[in-house]
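Reproduced below: run21.pdb, with PDB, C-alpha atoms.
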```pdb
ATOM      1  CA  MET A1354    -165.715 -29.507 160.322
ATOM      2  CA  PRO A1355    -164.345 -28.001 157.106
ATOM      3  CA  ILE A1356    -163.733 -24.290 157.224
ATOM      4  CA  ILE A1357    -164.369 -22.088 154.196
ATOM      5  CA  CYS A1358    -163.053 -18.588 153.562
ATOM      6  CA  ARG A1359    -165.137 -15.923 151.846
ATOM      7  CA  LEU A1360    -163.639 -12.761 150.390
ATOM      8  CA  LEU A1361    -165.911  -9.755 150.894
ATOM      9  CA  GLN A1362    -165.209  -6.449 149.160
ATOM     10  CA  ILE A1363    -166.434  -3.472 151.181
ATOM     11  CA  PRO A1364    -165.990   0.289 150.776
ATOM     12  CA  PRO A1365    -163.555   2.088 153.107
ATOM     13  CA  ASP A1366    -166.338   3.824 155.056
ATOM     14  CA  ARG A1367    -167.967   0.454 155.816
ATOM     15  CA  ALA A1368    -164.551  -0.891 156.826
ATOM     16  CA  ALA A1369    -164.021   2.038 159.214
ATOM     17  CA  SER A1370    -167.430   1.365 160.759
ATOM     18  CA  LEU A1371    -166.560  -2.309 161.189
ATOM     19  CA  VAL A1372    -163.295  -1.464 162.952
ATOM     20  CA  ALA A1373    -165.091   1.002 165.230
ATOM     21  CA  GLU A1374    -167.963  -1.408 165.903
ATOM     22  CA  PRO A1375    -166.944  -5.043 165.362
ATOM     23  CA  ASN A1376    -170.404  -6.125 166.532
ATOM     24  CA  GLN A1377    -171.582  -4.973 163.072
ATOM     25  CA  LEU A1378    -169.799  -7.936 161.479
ATOM     26  CA  GLY A1379    -172.994  -9.890 160.815
ATOM     27  CA  GLU A1380    -174.592  -6.944 159.033
ATOM     28  CA  THR A1381    -171.404  -6.288 157.073
ATOM     29  CA  VAL A1382    -171.336  -9.885 155.857
ATOM     30  CA  LYS A1383    -175.025  -9.828 154.893
ATOM     31  CA  SER A1384    -174.756  -6.505 153.081
ATOM     32  CA  ALA A1385    -171.621  -7.268 151.039
ATOM     33  CA  LYS A1386    -172.529  -6.897 147.369
ATOM     34  CA  ILE A1387    -169.238  -8.082 145.883
ATOM     35  CA  TYR A1388    -167.790 -11.299 147.190
ATOM     36  CA  SER A1389    -165.954 -14.421 146.178
ATOM     37  CA  GLY A1390    -164.252 -17.163 148.076
ATOM     38  CA  VAL A1391    -161.401 -19.579 148.260
ATOM     39  CA  TYR A1392    -163.657 -22.240 149.781
ATOM     40  CA  ARG A1393    -161.770 -24.972 151.672
ATOM     41  CA  TYR A1394    -158.470 -24.117 150.019
ATOM     42  CA  TRP A1395    -157.568 -20.964 151.991
ATOM     43  CA  HIS A1396    -154.943 -22.622 154.170
ATOM     44  CA  GLY A1397    -153.457 -24.645 151.312
ATOM     45  CA  ILE A1398    -153.122 -21.478 149.232
ATOM     46  CA  GLU A1399    -151.231 -19.767 152.042
ATOM     47  CA  TYR A1400    -148.995 -22.836 152.439
ATOM     48  CA  LEU A1401    -148.103 -22.884 148.728
ATOM     49  CA  LEU A1402    -147.465 -19.136 148.700
ATOM     50  CA  ALA A1403    -145.222 -19.480 151.773
ATOM     51  CA  GLN A1404    -143.236 -22.210 150.040
ATOM     52  CA  HIS A1405    -142.953 -20.158 146.839
ATOM     53  CA  SER A1406    -142.256 -16.698 148.302
ATOM     54  CA  PRO A1407    -141.599 -17.034 152.039
ATOM     55  CA  ASP A1408    -140.629 -13.383 152.548
ATOM     56  CA  SER A1409    -143.564 -11.820 150.707
ATOM     57  CA  PRO A1410    -146.843 -10.542 152.177
ATOM     58  CA  ALA A1411    -148.568 -13.304 150.213
ATOM     59  CA  ALA A1412    -146.889 -15.914 152.415
ATOM     60  CA  GLN A1413    -149.006 -14.707 155.325
ATOM     61  CA  TRP A1414    -152.051 -13.317 153.539
ATOM     62  CA  LEU A1415    -154.393 -14.804 156.162
ATOM     63  CA  SER A1416    -152.691 -12.727 158.881
ATOM     64  CA  LEU A1417    -152.651  -9.399 157.083
ATOM     65  CA  GLY A1418    -154.753  -6.464 158.194
ATOM     66  CA  GLN A1419    -156.642  -6.353 161.462
ATOM     67  CA  ALA A1420    -158.728  -8.941 163.290
ATOM     68  CA  VAL A1421    -162.320  -7.794 163.776
ATOM     69  CA  SER A1422    -163.438 -10.914 165.629
ATOM     70  CA  VAL A1423    -161.842 -13.593 167.739
ATOM     71  CA  ALA A1424    -160.993 -17.061 166.521
ATOM     72  CA  ARG A1425    -163.479 -19.737 167.577
ATOM     73  CA  ASP A1426    -162.323 -23.325 167.807
ATOM     74  CA  ALA A1427    -160.732 -24.052 164.403
ATOM     75  CA  ILE A1428    -162.304 -21.004 162.736
ATOM     76  CA  PRO A1429    -159.808 -18.163 162.235
ATOM     77  CA  ALA A1430    -160.651 -14.632 163.286
ATOM     78  CA  VAL A1431    -162.292 -12.483 160.648
ATOM     79  CA  ARG A1432    -159.717 -10.098 159.221
ATOM     80  CA  LEU A1433    -160.104  -6.732 157.563
ATOM     81  CA  LEU A1434    -157.493  -5.702 155.015
ATOM     82  CA  PRO A1435    -157.539  -1.937 154.371
ATOM     83  CA  PRO A1436    -157.137  -0.666 150.798
ATOM     84  CA  GLN A1437    -153.370  -0.151 151.014
ATOM     85  CA  VAL A1438    -152.827  -3.707 152.288
ATOM     86  CA  VAL A1439    -155.122  -5.084 149.575
ATOM     87  CA  ALA A1440    -153.098  -3.171 146.976
ATOM     88  CA  GLU A1441    -149.801  -4.576 148.319
ATOM     89  CA  LEU A1442    -151.189  -8.109 148.360
ATOM     90  CA  GLU A1443    -152.589  -7.725 144.843
ATOM     91  CA  THR A1444    -149.259  -6.454 143.535
ATOM     92  CA  THR A1445    -147.478  -9.434 145.072
ATOM     93  CA  ILE A1446    -149.826 -12.187 143.936
ATOM     94  CA  ARG A1447    -150.340 -10.677 140.479
ATOM     95  CA  GLU A1448    -146.765 -11.704 139.733
ATOM     96  CA  ILE A1449    -147.226 -15.294 140.960
ATOM     97  CA  GLU A1450    -149.026 -17.356 138.340
ATOM     98  CA  PRO A1451    -151.024 -20.324 139.631
ATOM     99  CA  ASP A1452    -148.784 -22.810 137.829
ATOM    100  CA  ALA A1453    -145.762 -21.412 139.696
ATOM    101  CA  LEU A1454    -147.264 -22.817 142.909
ATOM    102  CA  ALA A1455    -147.694 -26.357 141.568
ATOM    103  CA  PRO A1456    -144.101 -27.523 142.237
ATOM    104  CA  HIS A1457    -144.627 -26.773 145.938
ATOM    105  CA  TYR A1458    -147.655 -29.065 146.245
ATOM    106  CA  ASP A1459    -147.188 -32.304 148.172
ATOM    107  CA  ALA A1460    -150.341 -33.763 149.720
ATOM    108  CA  ALA A1461    -148.447 -35.655 152.429
ATOM    109  CA  ALA A1462    -146.487 -32.523 153.364
ATOM    110  CA  LEU A1463    -149.705 -30.480 153.601
ATOM    111  CA  ASP A1464    -151.258 -33.088 155.895
ATOM    112  CA  ALA A1465    -148.065 -33.350 157.972
ATOM    113  CA  ALA A1466    -147.948 -29.557 158.343
ATOM    114  CA  GLY A1467    -151.537 -29.554 159.665
ATOM    115  CA  ILE A1468    -152.890 -27.598 156.707
ATOM    116  CA  ASP A1469    -156.660 -27.402 156.831
ATOM    117  CA  PRO A1470    -158.716 -29.447 156.015
ATOM    118  CA  HIS A1471    -156.147 -32.179 156.834
ATOM    119  CA  THR A1472    -157.413 -34.488 154.061
ATOM    120  CA  TRP A1473    -155.036 -33.799 151.177
ATOM    121  CA  VAL A1474    -153.791 -37.365 150.692
ATOM    122  CA  GLU A1475    -157.315 -38.755 151.051
ATOM    123  CA  TRP A1476    -158.661 -36.255 148.529
ATOM    124  CA  GLU A1477    -156.112 -37.340 145.929
ATOM    125  CA  GLU A1478    -157.931 -40.673 145.732
ATOM    126  CA  THR A1479    -161.130 -39.097 144.404
ATOM    127  CA  PHE A1480    -160.281 -35.779 142.719
ATOM    128  CA  ASP A1481    -157.518 -33.297 141.910
ATOM    129  CA  PRO A1482    -156.944 -31.121 144.992
ATOM    130  CA  LEU A1483    -153.971 -29.374 143.364
ATOM    131  CA  GLY A1484    -156.167 -28.270 140.481
ATOM    132  CA  GLN A1485    -158.732 -26.966 142.961
ATOM    133  CA  LEU A1486    -156.044 -25.126 144.943
ATOM    134  CA  LEU A1487    -154.747 -23.409 141.828
ATOM    135  CA  GLU A1488    -158.239 -22.522 140.604
ATOM    136  CA  HIS A1489    -159.176 -21.000 143.959
ATOM    137  CA  TYR A1490    -155.865 -19.140 144.067
ATOM    138  CA  SER A1491    -156.897 -17.530 140.777
ATOM    139  CA  PHE A1492    -160.136 -16.451 142.528
ATOM    140  CA  LEU A1493    -157.978 -14.779 145.190
ATOM    141  CA  GLN A1494    -155.984 -13.028 142.462
ATOM    142  CA  TYR A1495    -159.151 -11.803 140.767
ATOM    143  CA  SER A1496    -160.770 -10.644 144.016
ATOM    144  CA  THR A1497    -157.727  -8.682 145.172
ATOM    145  CA  LYS A1498    -157.363  -7.090 141.727
ATOM    146  CA  GLN A1499    -161.012  -6.029 141.695
ATOM    147  CA  CYS A1500    -160.829  -4.767 145.277
ATOM    148  CA  ALA A1501    -157.556  -2.882 144.761
ATOM    149  CA  SER A1502    -158.847  -1.282 141.553
ATOM    150  CA  ALA A1503    -161.886   0.031 143.426
ATOM    151  CA  GLY A1504    -159.823   1.228 146.410
ATOM    152  CA  ASP A1505    -161.889  -0.980 148.707
ATOM    153  CA  SER A1506    -161.139  -3.064 151.774
ATOM    154  CA  LEU A1507    -161.249  -6.844 151.828
ATOM    155  CA  VAL A1508    -162.792  -8.946 154.581
ATOM    156  CA  LEU A1509    -161.509 -12.497 155.055
ATOM    157  CA  TYR A1510    -164.525 -14.217 156.558
ATOM    158  CA  SER A1511    -164.079 -17.836 157.639
ATOM    159  CA  ALA A1512    -166.906 -20.117 158.673
ATOM    160  CA  ASP A1513    -167.764 -23.769 159.171
ATOM    161  CA  ASP A1514    -169.453 -24.953 155.970
ATOM    162  CA  GLY A1515    -171.451 -27.524 157.917
ATOM    163  CA  GLU A1516    -170.332 -30.502 155.834
ATOM    164  CA  ASP A1517    -168.028 -33.391 156.459
ATOM    165  CA  CYS A1518    -164.871 -33.559 154.389
TER     166      CYS A1518
END
```
So, in terms of structure tokens, how does the structure I just supplied come out?
Amino acid sequence: MPIICRLLQIPPDRAASLVAEPNQLGETVKSAKIYSGVYRYWHGIEYLLAQHSPDSPAAQWLSLGQAVSVARDAIPAVRLLPPQVVAELETTIREIEPDALAPHYDAAALDAAGIDPHTWVEWEETFDPLGQLLEHYSFLQYSTKQCASAGDSLVLYSADDGEDC
């Protein structure tokens, strides 16, 4: 069950409504007009950032903000990052170029650390997971920059993509 992570940009008033009424999560997800994603690479991105800058907010970007749902099985809770947290995250990751994360990549270490989707070594046999990690990290950089520039909140929405790895 591979888990994907979508990045949803929402205005502060919608974010306040979501915090006040978490049962509006489904509608918030459906109504998001600006979104991106880090696909199956969310956990690997956090791992590489933690190896690169262990004391920065980027090292725990998946835990920032506030949970607006509960975790289910292997699916993390949906998190809402308010504008000020988005701005701090954007400032931090703006300075970390994708290539700076490459030296921290080790497929066996990712698998041993239990980094989702737990198939890093296997993936290396058929494609370039490091390249995908770095590309999706650049999507995170772009999304946080766009969100911070607009003064919006960011929703980290994880879901089962329904496919086998």
A:Ile1356, A:Leu1371, A:Ile1398, A:Ala1420: which is nearest A:Leu1493, counting all atoms listed in the file?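 Ranking A:Ile1356, A:Leu1371, A:Ile1398, A:Ala1420 by distance to A:Leu1493, first place goes to A:Ile1398.
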Shell around A:Arg1432 at 6 Å using only C-alpha atoms, local window under 5 positions removed, as a list in words: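 Listing them by chain and then by number gives Gln1419, Ala1420, Val1421, Val1508 and Leu1509 of chain A.
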Nearby residues (only C-alpha atoms) at most 12 Å from A:Ala1368, same-chain spacing under 3 positions excluded, as JSON, numbers by chain: {"A": [1361, 1362, 1363, 1364, 1365, 1371, 1372, 1373, 1374, 1375, 1377, 1378, 1380, 1381, 1382, 1385, 1418, 1419, 1420, 1421, 1432, 1433, 1434, 1435, 1436, 1504, 1505, 1506, 1507, 1508]}
Among the residues A:Ala1412, A:Val1391, A:Ala1466, A:Ala1512, the one that comes closest to A:Ser1491 [using only C-alpha atoms]: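 Comparing A:Ala1412, A:Val1391, A:Ala1466, A:Ala1512 against A:Ser1491, the winner is A:Val1391.
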May I have the residues within 12 Å of A:Tyr1495 as a list in words, using all atoms listed in the file and disregarding those fewer than 6 positions away in the same chain? Leu1360, Gln1362, Ile1387, Tyr1388, Ser1389, Gly1390, Val1391, Val1439, Leu1442, Glu1443, Thr1444, Ile1446, Arg1447, Glu1450, Pro1451, Glu1488, His1489, Ala1501 and Ser1502 of chain A
Report, in Å to a single decimal, how far apart atom CA of A:Ser1422 and atom CA of A:Lys1383 are.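 Atom CA of A:Ser1422 lies 15.8 Å from atom CA of A:Lys1383.
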Contact residues around stretch 1479-1485 of chain A with only C-alpha atoms at 10 Å, ignoring same-chain residues under 3 positions, as a PyMOL selection string: chain A and resi 1391-1394+1397-1398+1451-1452+1454-1455+1458-1460+1472-1476+1488-1491
List the residues selected by the PyMOL selection byres ((chain A and resi 1513) around 7) in the file shown, writing them as an MDAnalysis selection string. chainID A and resid 1354:1357 1512 1514:1515
Could you check the closest approach to A:Glu1399 for each of A:Ala1430, A:Cys1500, A:Ala1424, A:Cys1358 and tell me which residue wins, using all atoms listed in the file?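 Residue with the minimum atom-to-atom distance to A:Glu1399: A:Cys1358.
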Applied to the shown file, which residues does the PyMOL selection byres ((chain A and resi 1409) around 12) return, written as a PyMOL selection string? chain A and resi 1399+1402-1408+1410-1414+1417+1441-1446+1448-1449
Separation of atom CA of A:Tyr1400 and atom CA of A:Leu1486, in Å?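 Computed distance, atom CA of A:Tyr1400 to atom CA of A:Leu1486, equals 10.5 Å.
Take the candidates A:Leu1401, A:Lys1386, A:Val1423, A:Pro1429 and check each one against A:Leu1463 using only C-alpha atoms; the shortest distance goes to A:Leu1401.
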Quick one: pull the distance between atom CA of A:Ser1416 and atom CA of A:Gln1499, Å, one decimal.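 Atom CA of A:Ser1416 sits 20.2 Å away from atom CA of A:Gln1499.
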Around all the atoms of stretch 1356-1365 of chain A listed in the file, draw an axis-aligned box and extend it by 6 Å on each of the six sides; I want its centre and edge lengths in Å to one decimal, as lines of an AutoDock Vina configuration file.
```
center_x = -164.7
center_y = -11.1
center_z = 153.2
size_x = 15.4
size_y = 38.4
size_z = 20.1
```
